[in-house]
>>> print(open('coords_33.cif').read())   # mmCIF, C-alpha atoms
data_model
loop_
_atom_site.label_atom_id
_atom_site.label_comp_id
_atom_site.auth_asym_id
_atom_site.auth_seq_id
_atom_site.Cartn_x
_atom_site.Cartn_y
_atom_site.Cartn_z
CA SER K 1 -24.12 -76.13 13.93
CA SER K 2 -20.58 -75.68 15.28
CA SER K 3 -20.08 -72.75 17.61
CA SER K 4 -16.66 -71.16 18.33
CA PRO K 5 -15.36 -71.17 21.90
CA PRO K 6 -16.81 -68.25 23.89
CA GLY K 7 -13.54 -66.25 24.36
CA GLU K 8 -12.35 -66.32 20.70
CA GLY K 9 -14.90 -63.88 19.14
CA ASN K 10 -14.21 -61.23 21.75
CA GLU K 11 -10.44 -61.50 21.25
CA ALA K 12 -10.75 -61.10 17.45
CA GLU K 13 -12.91 -57.97 17.93
CA LYS K 14 -10.39 -56.55 20.42
CA LYS K 15 -7.53 -57.08 17.93
CA GLU K 16 -9.49 -55.30 15.20
CA VAL K 17 -10.16 -52.32 17.48
CA GLU K 18 -6.49 -52.16 18.52
CA GLU K 19 -5.32 -52.23 14.88
CA LYS K 20 -7.71 -49.41 14.01
CA MET K 21 -6.45 -47.39 16.97
CA GLU K 22 -2.83 -47.84 15.82
CA LYS K 23 -3.62 -46.78 12.25
CA SER K 24 -5.59 -43.66 13.19
CA GLU K 25 -3.53 -40.56 14.05
CA PRO K 26 -3.69 -39.25 17.61
CA ALA K 27 -6.76 -37.03 17.73
CA PHE K 28 -8.29 -34.85 20.39
CA PRO K 29 -11.82 -35.44 21.64
CA PRO K 30 -14.28 -33.50 19.45
CA THR K 31 -14.94 -30.77 22.01
CA PHE K 32 -11.34 -30.39 23.17
CA SER K 33 -9.47 -27.13 22.58
CA VAL K 34 -5.86 -26.33 23.43
CA SER K 35 -6.88 -23.21 25.33
CA GLU K 36 -8.48 -25.43 28.01
CA ILE K 37 -5.06 -26.68 29.14
CA LYS K 38 -4.20 -24.73 32.27
CA ASN K 39 -0.43 -25.32 32.31
CA LYS K 40 1.20 -22.74 30.05
CA GLN K 41 4.19 -24.85 28.96
CA ARG K 42 2.03 -27.90 28.27
CA ARG K 43 -0.45 -25.74 26.36
CA HIS K 44 2.32 -24.25 24.22
CA LEU K 45 3.74 -27.72 23.54
CA MET K 46 0.35 -29.10 22.44
CA PHE K 47 -0.27 -26.05 20.28
CA MET K 48 3.08 -26.47 18.50
CA LYS K 49 2.33 -30.20 17.96
CA LEU K 50 -1.04 -29.35 16.45
CA LYS K 51 0.56 -26.74 14.21
CA GLN K 52 3.20 -29.22 13.05
CA GLU K 53 0.58 -31.83 12.24
CA LYS K 54 -1.42 -29.34 10.21
CA ARG K 55 1.69 -28.26 8.31
CA LYS K 56 2.55 -31.91 7.62
CA GLN K 57 -0.92 -32.59 6.23
CA LYS K 58 -0.76 -29.45 4.09
CA MET K 59 2.62 -30.43 2.63
CA GLN K 60 1.42 -33.97 1.89
CA LEU K 61 -1.64 -32.62 0.10
CA LYS K 62 0.56 -30.22 -1.89
CA LYS K 63 2.92 -33.03 -2.95
CA LYS K 64 -0.01 -35.24 -3.90
CA LYS K 65 -1.52 -32.48 -6.07
CA LYS K 66 1.84 -31.78 -7.70
CA LYS K 67 2.28 -35.47 -8.60
CA GLU K 68 -1.22 -35.59 -10.06
CA ARG K 69 -0.52 -32.49 -12.16
CA GLU K 70 2.75 -33.99 -13.45
CA ALA K 71 1.02 -37.27 -14.28
CA LEU K 72 -1.78 -35.52 -16.19
CA GLY K 73 0.63 -33.21 -18.04
CA ASP K 74 -1.26 -30.90 -20.45
CA LYS K 75 -4.64 -32.30 -19.34
CA ALA K 76 -4.12 -31.04 -15.78
CA PRO K 77 -6.85 -28.67 -14.57
CA PRO K 78 -5.84 -24.97 -14.32
CA LYS K 79 -4.32 -23.88 -11.03
CA GLU K 80 -6.73 -22.40 -8.52
CA ILE K 81 -6.36 -18.65 -7.95
CA PRO K 82 -5.70 -18.02 -4.25
CA LYS K 83 -8.26 -15.89 -2.46
CA THR K 84 -6.90 -12.50 -1.41
CA ILE K 85 -8.56 -9.42 0.04
CA GLU K 86 -7.89 -7.63 -3.29
CA ASN K 87 -9.61 -10.13 -5.58
CA GLN K 88 -12.50 -10.59 -3.10
CA ARG K 89 -13.02 -6.81 -3.07
CA VAL K 90 -16.58 -5.56 -2.63
CA TYR K 91 -17.69 -3.85 -5.87
CA ASP K 92 -17.73 -0.06 -5.61
CA GLU K 93 -20.41 1.70 -7.66
CA THR K 94 -18.07 4.68 -8.21
CA THR K 95 -15.48 2.55 -10.06
CA VAL K 96 -14.38 4.54 -13.10
CA ASP K 97 -14.96 3.28 -16.64
CA PRO K 98 -12.33 4.97 -18.88
CA GLU K 99 -14.84 5.24 -21.76
CA ASP K 100 -17.52 7.00 -19.71
CA GLU K 101 -18.40 10.34 -21.37
CA GLU K 102 -19.50 11.97 -18.11
CA ILE K 103 -16.13 11.24 -16.48
CA ALA K 104 -14.28 12.48 -19.57
CA PHE K 105 -16.29 15.73 -19.37
CA ASP K 106 -15.60 16.10 -15.62
CA GLU K 107 -11.89 15.57 -16.16
CA GLY K 108 -11.87 18.08 -18.99
CA THR K 109 -13.26 20.79 -16.69
CA ASP K 110 -11.76 20.00 -13.28
CA GLU K 111 -8.96 21.88 -11.45
CA PHE K 112 -6.22 19.81 -13.15
CA SER K 113 -7.47 20.27 -16.73
CA ALA K 114 -5.08 23.20 -17.37
CA TYR K 115 -2.13 20.95 -16.46
CA PHE K 116 -3.32 17.99 -18.55
CA ASN K 117 -3.98 20.29 -21.52
CA GLY K 118 -0.37 21.47 -21.27
CA LEU K 119 -1.22 25.06 -20.28
CA THR K 120 0.63 25.08 -16.92
CA ASN K 121 3.98 23.74 -15.78
CA PRO K 122 4.21 22.39 -12.21
CA GLN K 123 6.04 24.56 -9.65
CA VAL K 124 6.06 23.09 -6.13
CA LEU K 125 6.73 24.76 -2.78
CA ILE K 126 7.61 22.39 0.07
CA THR K 127 7.46 23.58 3.66
CA THR K 128 7.11 22.05 7.14
CA SER K 129 5.31 22.57 10.41
CA ASP K 130 6.80 25.16 12.79
CA ARG K 131 10.31 24.51 14.12
CA PRO K 132 10.99 21.22 12.28
CA ARG K 133 13.65 18.81 13.50
CA GLY K 134 16.52 17.41 11.45
CA ARG K 135 14.79 14.29 10.11
CA THR K 136 11.78 16.20 8.76
CA VAL K 137 14.03 18.81 7.12
CA ARG K 138 16.08 16.06 5.42
CA PHE K 139 12.85 14.35 4.29
CA CYS K 140 11.70 17.61 2.65
CA GLU K 141 15.07 18.15 0.98
CA GLN K 142 15.04 14.63 -0.46
CA LEU K 143 11.44 15.07 -1.62
CA ALA K 144 12.57 18.19 -3.51
CA THR K 145 15.16 16.10 -5.43
CA VAL K 146 12.41 13.70 -6.54
CA ILE K 147 9.89 16.34 -7.71
CA PRO K 148 11.27 18.62 -10.45
CA ASN K 149 10.87 22.41 -9.95
CA ALA K 150 10.37 21.95 -6.19
CA TYR K 151 11.73 24.42 -3.64
CA VAL K 152 12.01 24.00 0.13
CA TYR K 153 11.20 27.05 2.28
CA TYR K 154 11.19 27.28 6.06
CA ARG K 155 7.82 28.10 7.60
CA ARG K 156 8.91 30.85 10.04
CA GLY K 157 5.64 30.59 11.96
CA LEU K 158 3.46 31.82 9.08
CA ALA K 159 -0.16 30.64 8.87
CA LEU K 160 -1.03 28.62 5.74
CA LYS K 161 -3.78 31.16 4.98
CA ARG K 162 -1.03 33.76 4.51
CA ILE K 163 1.36 31.46 2.63
CA ILE K 164 -1.18 30.40 -0.04
CA PRO K 165 -1.77 33.90 -1.58
CA GLN K 166 2.01 34.44 -1.72
CA CYS K 167 2.44 31.09 -3.54
CA VAL K 168 -0.30 31.98 -6.04
CA ALA K 169 1.34 35.38 -6.67
CA ARG K 170 4.65 33.62 -7.45
CA ASN K 171 2.95 31.13 -9.88
CA PHE K 172 3.36 28.02 -7.72
CA THR K 173 0.94 25.22 -8.65
CA TYR K 174 1.37 23.16 -5.46
CA LEU K 175 2.00 23.66 -1.78
CA ILE K 176 3.23 20.61 0.21
CA VAL K 177 3.31 20.88 4.01
CA VAL K 178 5.08 18.09 5.92
CA ASN K 179 3.94 17.80 9.54
CA GLU K 180 5.89 15.97 12.23
CA ASP K 181 5.31 14.30 15.58
CA ARG K 182 8.15 13.36 17.95
CA LYS K 183 10.74 14.39 15.34
CA VAL K 184 9.29 12.01 12.71
CA PRO K 185 7.23 13.05 9.61
CA ASN K 186 3.65 11.91 10.26
CA GLY K 187 1.39 14.02 8.04
CA LEU K 188 1.34 15.63 4.60
CA VAL K 189 -0.96 18.33 3.25
CA LEU K 190 -1.05 18.51 -0.54
CA CYS K 191 -2.71 21.69 -1.76
CA HIS K 192 -3.25 22.34 -5.48
CA LEU K 193 -3.14 26.04 -6.36
CA PRO K 194 -4.89 28.35 -7.12
CA ASP K 195 -8.30 26.60 -6.85
CA GLY K 196 -7.65 23.46 -4.81
CA PRO K 197 -8.43 20.68 -3.99
CA THR K 198 -6.50 20.00 -0.77
CA ALA K 199 -5.70 16.47 0.41
CA HIS K 200 -4.50 15.53 3.88
CA PHE K 201 -2.53 12.29 4.26
CA LYS K 202 -1.12 10.37 7.17
CA VAL K 203 2.57 9.54 6.54
CA SER K 204 4.09 6.32 7.88
CA SER K 205 7.18 4.15 7.31
CA ALA K 206 9.22 7.09 5.98
CA ARG K 207 12.74 5.96 5.06
CA LEU K 208 15.43 8.41 4.05
CA ARG K 209 18.12 7.58 1.49
CA LYS K 210 20.69 6.77 4.14
CA GLU K 211 18.43 4.06 5.63
CA ILE K 212 17.79 2.21 2.37
CA LYS K 213 20.07 -0.76 1.73
CA ARG K 214 21.67 -1.22 -1.70
CA ARG K 215 20.45 2.18 -2.87
CA GLY K 216 21.73 3.78 -6.05
CA LYS K 217 23.58 7.07 -6.48
CA ASP K 218 21.64 10.29 -5.84
CA PRO K 219 19.00 11.10 -8.49
CA THR K 220 19.84 13.36 -11.41
CA GLU K 221 17.83 16.41 -12.44
CA HIS K 222 16.05 14.60 -15.30
CA TYR K 223 12.24 14.61 -15.21
CA PRO K 224 11.10 11.17 -13.99
CA GLU K 225 8.37 8.96 -15.40
CA VAL K 226 5.31 8.55 -13.15
CA ILE K 227 3.45 5.27 -12.54
CA LEU K 228 0.03 5.32 -10.84
CA ASN K 229 -1.32 1.89 -9.87
CA ASN K 230 -4.84 0.80 -8.79
CA PHE K 231 -6.60 4.18 -8.49
CA THR K 232 -9.95 2.84 -9.69
CA THR K 233 -12.82 4.74 -7.99
CA ARG K 234 -13.85 8.37 -8.59
CA LEU K 235 -12.06 9.41 -5.40
CA GLY K 236 -9.00 7.35 -6.36
CA HIS K 237 -9.01 8.96 -9.80
CA SER K 238 -8.97 12.46 -8.27
CA ILE K 239 -6.05 11.53 -5.99
CA GLY K 240 -4.18 9.92 -8.91
CA ARG K 241 -4.61 13.06 -11.03
CA MET K 242 -3.39 15.12 -8.08
CA PHE K 243 -0.15 13.10 -7.90
CA ALA K 244 0.28 13.15 -11.69
CA ALA K 245 0.05 16.96 -11.78
CA LEU K 246 3.06 17.22 -9.42
CA PHE K 247 5.43 16.12 -12.21
CA PRO K 248 6.07 17.63 -15.66
CA GLN K 249 4.30 15.84 -18.49
CA ASP K 250 7.36 15.22 -20.66
CA PRO K 251 9.57 12.68 -18.82
CA GLN K 252 13.23 12.62 -19.86
CA PHE K 253 13.84 8.94 -20.55
CA VAL K 254 17.62 9.50 -20.60
CA GLY K 255 17.54 9.76 -16.78
CA ARG K 256 15.82 6.31 -16.49
CA GLN K 257 14.08 7.47 -13.28
CA VAL K 258 10.59 6.35 -12.20
CA ALA K 259 8.33 7.64 -9.41
CA THR K 260 5.67 5.09 -8.44
CA PHE K 261 2.47 5.65 -6.47
CA HIS K 262 1.06 2.18 -5.82
CA ASN K 263 -2.33 1.97 -4.13
CA GLN K 264 -3.06 -1.24 -2.24
CA ARG K 265 -5.92 -1.56 0.28
CA ASP K 266 -6.12 2.28 0.45
CA PHE K 267 -2.46 2.63 1.42
CA ILE K 268 -0.42 4.54 -1.18
CA PHE K 269 3.17 3.31 -1.34
CA PHE K 270 5.68 5.73 -2.86
CA ARG K 271 8.93 4.42 -4.36
CA PHE K 272 11.58 6.12 -6.51
CA HIS K 273 13.71 3.89 -8.76
CA ARG K 274 16.28 4.01 -11.51
CA TYR K 275 16.20 1.21 -14.06
CA ILE K 276 19.37 -0.23 -15.57
CA PHE K 277 19.56 -2.06 -18.89
CA LYS K 278 21.80 -5.11 -18.36
CA ASN K 279 21.36 -6.29 -21.97
CA GLU K 280 18.63 -6.24 -24.65
CA LYS K 281 16.31 -8.49 -22.61
CA LYS K 282 17.22 -7.95 -18.94
CA VAL K 283 16.43 -4.85 -16.91
CA GLY K 284 17.38 -4.27 -13.28
CA ILE K 285 15.97 -1.65 -10.92
CA GLN K 286 17.72 0.24 -8.19
CA GLU K 287 15.91 2.14 -5.46
CA LEU K 288 17.02 5.73 -4.97
CA GLY K 289 14.77 6.77 -2.07
CA PRO K 290 13.15 8.26 -0.12
CA ARG K 291 10.24 5.88 0.43
CA PHE K 292 7.07 6.38 2.44
CA THR K 293 3.46 5.26 2.78
CA LEU K 294 0.42 7.55 2.61
CA LYS K 295 -3.13 7.04 3.88
CA LEU K 296 -5.77 9.55 2.80
CA ARG K 297 -7.45 11.30 5.73
CA SER K 298 -9.55 13.91 3.91
CA LEU K 299 -10.11 15.66 0.58
CA GLN K 300 -11.23 19.27 0.71
CA LYS K 301 -12.62 21.49 -2.04
CA GLY K 302 -10.67 24.68 -2.63
CA THR K 303 -7.43 25.63 -0.90
CA PHE K 304 -6.60 24.84 2.72
CA ASP K 305 -9.29 26.10 5.12
CA SER K 306 -9.65 24.13 8.34
CA LYS K 307 -12.56 26.22 9.71
CA PHE K 308 -14.94 26.88 6.80
CA GLY K 309 -13.63 24.44 4.17
CA GLU K 310 -16.06 22.17 2.33
CA TYR K 311 -14.92 18.55 2.54
CA GLU K 312 -15.53 16.23 -0.42
CA TRP K 313 -14.48 13.16 1.56
CA VAL K 314 -13.40 12.44 5.15
CA LEU K 315 -12.12 9.13 6.52
CA LYS K 316 -14.55 7.79 9.13
CA ARG K 317 -12.59 4.85 10.41
CA HIS K 318 -15.24 2.92 12.34
CA GLU K 319 -17.77 3.17 9.51
CA MET K 320 -15.48 2.74 6.53
CA ASP K 321 -13.04 0.18 7.91
CA ALA K 322 -15.79 -2.12 9.25
CA CYS K 323 -15.57 -4.30 6.12
CA ARG K 324 -12.00 -5.30 5.27
CA ARG K 325 -12.89 -5.97 1.64
CA LYS K 326 -14.30 -2.51 0.89
CA PHE K 327 -11.80 0.06 -0.36
CA GLN K 328 -12.30 3.78 -1.02
CA LEU K 329 -9.56 4.37 -3.61
#
>>> encode(input="coords_33.cif", output="structure tokens")
Amino acid sequence: SSSSPPGEGNEAEKKEVEEKMEKSEPAFPPTFSVSEIKNKQRRHLMFMKLKQEKRKQKMQLKKKKKKEREALGDKAPPKEIPKTIENQRVYDETTVDPEDEEIAFDEGTDEFSAYFNGLTNPQVLITTSDRPRGRTVRFCEQLATVIPNAYVYYRRGLALKRIIPQCVARNFTYLIVVNEDRKVPNGLVLCHLPDGPTAHFKVSSARLRKEIKRRGKDPTEHYPEVILNNFTTRLGHSIGRMFAALFPQDPQFVGRQVATFHNQRDFIFFRFHRYIFKNEKKVGIQELGPRFTLKLRSLQKGTFDSKFGEYEWVLKRHEMDACRRKFQL
């Protein structure tokens, strides 16, 4: 039997190992993490390299999948639906089924039934906290141009307990109180008259008309259409009905104005648009403003009563926000 010279086998093995090393991408040891690098600049550099590599791999995978889909044509498998917090939402047992008789009965006898049966017409009084600053006053005035039959009155230091009976006597159906902090609107109390309920919201990201880019001309006095999105639970349904009852039931389509309350992850985004028909098929929308975001803090039975009021629902942040996929509205 012929045996190869003693050095040759080792050299061939070495070459194989070197080739493998060249082919494989530079990888960190299995237990290595970037955070272990003490030098800040070096650590940042390595982190950016890692990020770039990951992005590269992701793009390559995307291109590969796209090519496969094009090659398969009609036989390509359906696209995967990306996972989002909304579609991974934890099921809520209070989710409303529109055909449920019990819910239909409750809605037929609740505080808003007179409005939905066409017996009352909304009349809204908007006021502020004591001594409001310019921005809050302008916010209230712009809100009054969005809601038909809304009137802005200055508070003059009156307690809400005294304002509510006066509103009821003058046939107002809603009282809106805009609170402020550091000259910026930060809270909104929405009180349905005469029997309640009262909702308290946190207000954030308020933008006045002047601050909105590419806004349209000021709104006209036509009654707007109202869109309520994603109010699915019993609580969400109550809040949705509360917003709906702010506006008259017969929108004037000539004005082409739409008020939208869009609920996403328990934040209610308010937008006010005008739509424009470009031709028979194309429609453009133009934001009129103002815009703001609401987050429900509490819902109280009856009219505003901070001492003895009975609360239907109160936001307990550490309990309720523990799971990011569980929503209340």
>>> closest_residue(input="coords_33.cif", among="K:Tyr153, K:Tyr91, K:Phe247, K:Phe231", to="Thr120 of chain K", atoms="all atoms listed in the file")
K:Phe247
>>> atom_distance(input="coords_33.cif", atom1="atom CA of Arg133 of chain K", atom2="atom CA of Lys183 of chain K")
5.6 Å
>>> closest_residue(input="coords_33.cif", among="K:Arg256, K:Lys40, K:Arg234, K:Arg324", to="Asp92 of chain K", atoms="all atoms listed in the file")
K:Arg234
>>> resolve_selection(input="coords_33.cif", expression="the PyMOL selection byres ((chain K and resi 329) around 8)", output="number ranges by chain")
K: 230-237, 263, 265-266, 327-328
>>> residues_around(input="coords_33.cif", residues="Val226 of chain K", least_positions_apart="5", cutoff="7 Å", atoms="only C-alpha atoms", output="list of chain:residue names")
K:Ala244, K:Val258, K:Ala259, K:Thr260
>>> residues_around(input="coords_33.cif", residues="segment 171-176 of chain K", least_positions_apart="3", cutoff="8 Å", atoms="all atoms listed in the file", output="ChimeraX atom specification")
/K:121-127,164,167-168,188-194,246
>>> closest_residue(input="coords_33.cif", among="K:Asp305, K:Phe243, K:Leu296, K:Gln257", to="Arg317 of chain K", atoms="all atoms listed in the file")
K:Leu296
>>> resolve_selection(input="coords_33.cif", expression="the PyMOL selection byres ((chain K and resi 217) around 12)", output="VMD selection string")
chain K and resid 209 to 210 212 to 216 218 to 220 257 273 to 274 286 to 289
>>> residues_around(input="coords_33.cif", residues="Phe116 of chain K", least_positions_apart="5", cutoff="9 Å", atoms="only C-alpha atoms", output="PyMOL selection string")
chain K and resi 108+245+249
>>> closest_residue(input="coords_33.cif", among="K:Ala114, K:Arg170, K:Gly134, K:Cys323", to="Arg89 of chain K", atoms="only C-alpha atoms")
K:Cys323
>>> residues_around(input="coords_33.cif", residues="Pro248 of chain K", least_positions_apart="5", cutoff="9 Å", atoms="all atoms listed in the file", output="PyMOL selection string")
chain K and resi 115+121-122+147-149+223-225
>>> write_last_selection(input="coords_33.cif", atoms="C-alpha atoms", output="compact mmCIF listing (two decimals), in the frame of the given file")
# COMPACT_ATOMS: atom_id res chain seq x y z
CA TYR K 115 -2.13 20.95 -16.46
CA ASN K 121 3.98 23.74 -15.78
CA PRO K 122 4.21 22.39 -12.21
CA ILE K 147 9.89 16.34 -7.71
CA PRO K 148 11.27 18.62 -10.45
CA ASN K 149 10.87 22.41 -9.95
CA TYR K 223 12.24 14.61 -15.21
CA PRO K 224 11.10 11.17 -13.99
CA GLU K 225 8.37 8.96 -15.40
>>> atom_distance(input="coords_33.cif", atom1="atom CA of Lys65 of chain K", atom2="atom CA of Gln52 of chain K")
20.0 Å
>>> resolve_selection(input="coords_33.cif", expression="the PyMOL selection byres ((chain K and resi 203) around 7)", output="list in words")
Pro185, Asn186, Gly187, Leu188, Phe201, Lys202, Ser204, Phe292, Thr293, Leu294 and Lys295 of chain K
>>> closest_atom_pairs(input="coords_33.cif", of="segment 145-209 of chain K", to="segment 311-316 of chain K", cutoff="10 Å", atoms="all atoms listed in the file", output="CSV")
residue,atom,partner,partner_atom,distance
K:Pro197,CA,K:Glu312,CA,9.1
K:Thr198,CA,K:Tyr311,CA,9.2
K:Ala199,CA,K:Trp313,CA,9.5
K:His200,CA,K:Val314,CA,9.5
>>> write_last_selection(input="coords_33.cif", atoms="C-alpha atoms", output="CSV table (one decimal), keeping the file's coordinate frame")
chain,number,residue,atom,x,y,z
K,197,PRO,CA,-8.4,20.7,-4.0
K,198,THR,CA,-6.5,20.0,-0.8
K,199,ALA,CA,-5.7,16.5,0.4
K,200,HIS,CA,-4.5,15.5,3.9
>>> axis_aligned_box(input="coords_33.cif", around="segment 261-269 of chain K", padding_each_side="3 Å", output="AutoDock Vina command-line options")
--center_x -1.5 --center_y 2.0 --center_z -2.5 --size_x 15.3 --size_y 13.2 --size_z 13.9
>>> build_atoms(input="coords_33.cif", residues="segment 171-196 of chain K", atoms="N, CA and C atoms", output="mmCIF file, in the coordinates of the input")
data_model
loop_
_atom_site.group_PDB
_atom_site.id
_atom_site.type_symbol
_atom_site.label_atom_id
_atom_site.label_comp_id
_atom_site.auth_asym_id
_atom_site.auth_seq_id
_atom_site.Cartn_x
_atom_site.Cartn_y
_atom_site.Cartn_z
ATOM 1 N N ASN K 171 3.255 32.162 -8.856
ATOM 2 C CA ASN K 171 2.950 31.130 -9.880
ATOM 3 C C ASN K 171 3.289 29.706 -9.451
ATOM 4 N N PHE K 172 3.209 29.413 -8.155
ATOM 5 C CA PHE K 172 3.360 28.020 -7.720
ATOM 6 C C PHE K 172 2.050 27.285 -7.989
ATOM 7 N N THR K 173 2.162 26.001 -8.395
ATOM 8 C CA THR K 173 0.940 25.220 -8.650
ATOM 9 C C THR K 173 0.627 24.274 -7.502
ATOM 10 N N TYR K 174 1.594 24.070 -6.593
ATOM 11 C CA TYR K 174 1.370 23.160 -5.460
ATOM 12 C C TYR K 174 2.025 23.682 -4.207
ATOM 13 N N LEU K 175 1.383 23.420 -3.084
ATOM 14 C CA LEU K 175 2.000 23.660 -1.780
ATOM 15 C C LEU K 175 1.969 22.328 -1.030
ATOM 16 N N ILE K 176 3.150 21.847 -0.585
ATOM 17 C CA ILE K 176 3.230 20.610 0.210
ATOM 18 C C ILE K 176 3.692 20.995 1.607
ATOM 19 N N VAL K 177 2.923 20.614 2.614
ATOM 20 C CA VAL K 177 3.310 20.880 4.010
ATOM 21 C C VAL K 177 3.542 19.529 4.685
ATOM 22 N N VAL K 178 4.750 19.335 5.216
ATOM 23 C CA VAL K 178 5.080 18.090 5.920
ATOM 24 C C VAL K 178 4.987 18.350 7.417
ATOM 25 N N ASN K 179 4.079 17.648 8.088
ATOM 26 C CA ASN K 179 3.940 17.800 9.540
ATOM 27 C C ASN K 179 4.735 16.708 10.247
ATOM 28 N N GLU K 180 5.102 16.969 11.508
ATOM 29 C CA GLU K 180 5.890 15.970 12.230
ATOM 30 C C GLU K 180 5.335 15.770 13.639
ATOM 31 N N ASP K 181 5.662 14.608 14.191
ATOM 32 C CA ASP K 181 5.310 14.300 15.580
ATOM 33 C C ASP K 181 6.483 13.535 16.168
ATOM 34 N N ARG K 182 6.992 13.985 17.303
ATOM 35 C CA ARG K 182 8.150 13.360 17.950
ATOM 36 C C ARG K 182 9.336 13.216 16.984
ATOM 37 N N LYS K 183 9.590 14.275 16.263
ATOM 38 C CA LYS K 183 10.740 14.390 15.340
ATOM 39 C C LYS K 183 10.631 13.499 14.106
ATOM 40 N N VAL K 184 9.468 12.921 13.859
ATOM 41 C CA VAL K 184 9.290 12.010 12.710
ATOM 42 C C VAL K 184 8.155 12.541 11.831
ATOM 43 N N PRO K 185 8.331 12.588 10.474
ATOM 44 C CA PRO K 185 7.230 13.050 9.610
ATOM 45 C C PRO K 185 6.007 12.149 9.775
ATOM 46 N N ASN K 186 4.846 12.745 10.050
ATOM 47 C CA ASN K 186 3.650 11.910 10.260
ATOM 48 C C ASN K 186 2.434 12.387 9.484
ATOM 49 N N GLY K 187 2.545 13.528 8.791
ATOM 50 C CA GLY K 187 1.390 14.020 8.040
ATOM 51 C C GLY K 187 1.843 14.838 6.847
ATOM 52 N N LEU K 188 0.992 14.872 5.802
ATOM 53 C CA LEU K 188 1.340 15.630 4.600
ATOM 54 C C LEU K 188 0.088 16.292 4.053
ATOM 55 N N VAL K 189 0.157 17.594 3.872
ATOM 56 C CA VAL K 189 -0.960 18.330 3.250
ATOM 57 C C VAL K 189 -0.535 18.679 1.838
ATOM 58 N N LEU K 190 -1.348 18.264 0.870
ATOM 59 C CA LEU K 190 -1.050 18.510 -0.540
ATOM 60 C C LEU K 190 -2.124 19.447 -1.074
ATOM 61 N N CYS K 191 -1.732 20.672 -1.371
ATOM 62 C CA CYS K 191 -2.710 21.690 -1.760
ATOM 63 C C CYS K 191 -2.428 22.130 -3.190
ATOM 64 N N HIS K 192 -3.398 21.933 -4.081
ATOM 65 C CA HIS K 192 -3.250 22.340 -5.480
ATOM 66 C C HIS K 192 -3.695 23.789 -5.605
ATOM 67 N N LEU K 193 -2.861 24.605 -6.245
ATOM 68 C CA LEU K 193 -3.140 26.040 -6.360
ATOM 69 C C LEU K 193 -3.509 26.380 -7.811
ATOM 70 N N PRO K 194 -4.283 27.404 -8.067
ATOM 71 C CA PRO K 194 -4.890 28.350 -7.120
ATOM 72 C C PRO K 194 -6.267 27.928 -6.591
ATOM 73 N N ASP K 195 -6.888 26.874 -7.180
ATOM 74 C CA ASP K 195 -8.300 26.600 -6.850
ATOM 75 C C ASP K 195 -8.522 25.343 -6.023
ATOM 76 N N GLY K 196 -7.455 24.708 -5.558
ATOM 77 C CA GLY K 196 -7.650 23.460 -4.810
ATOM 78 C C GLY K 196 -7.665 22.287 -5.768
#
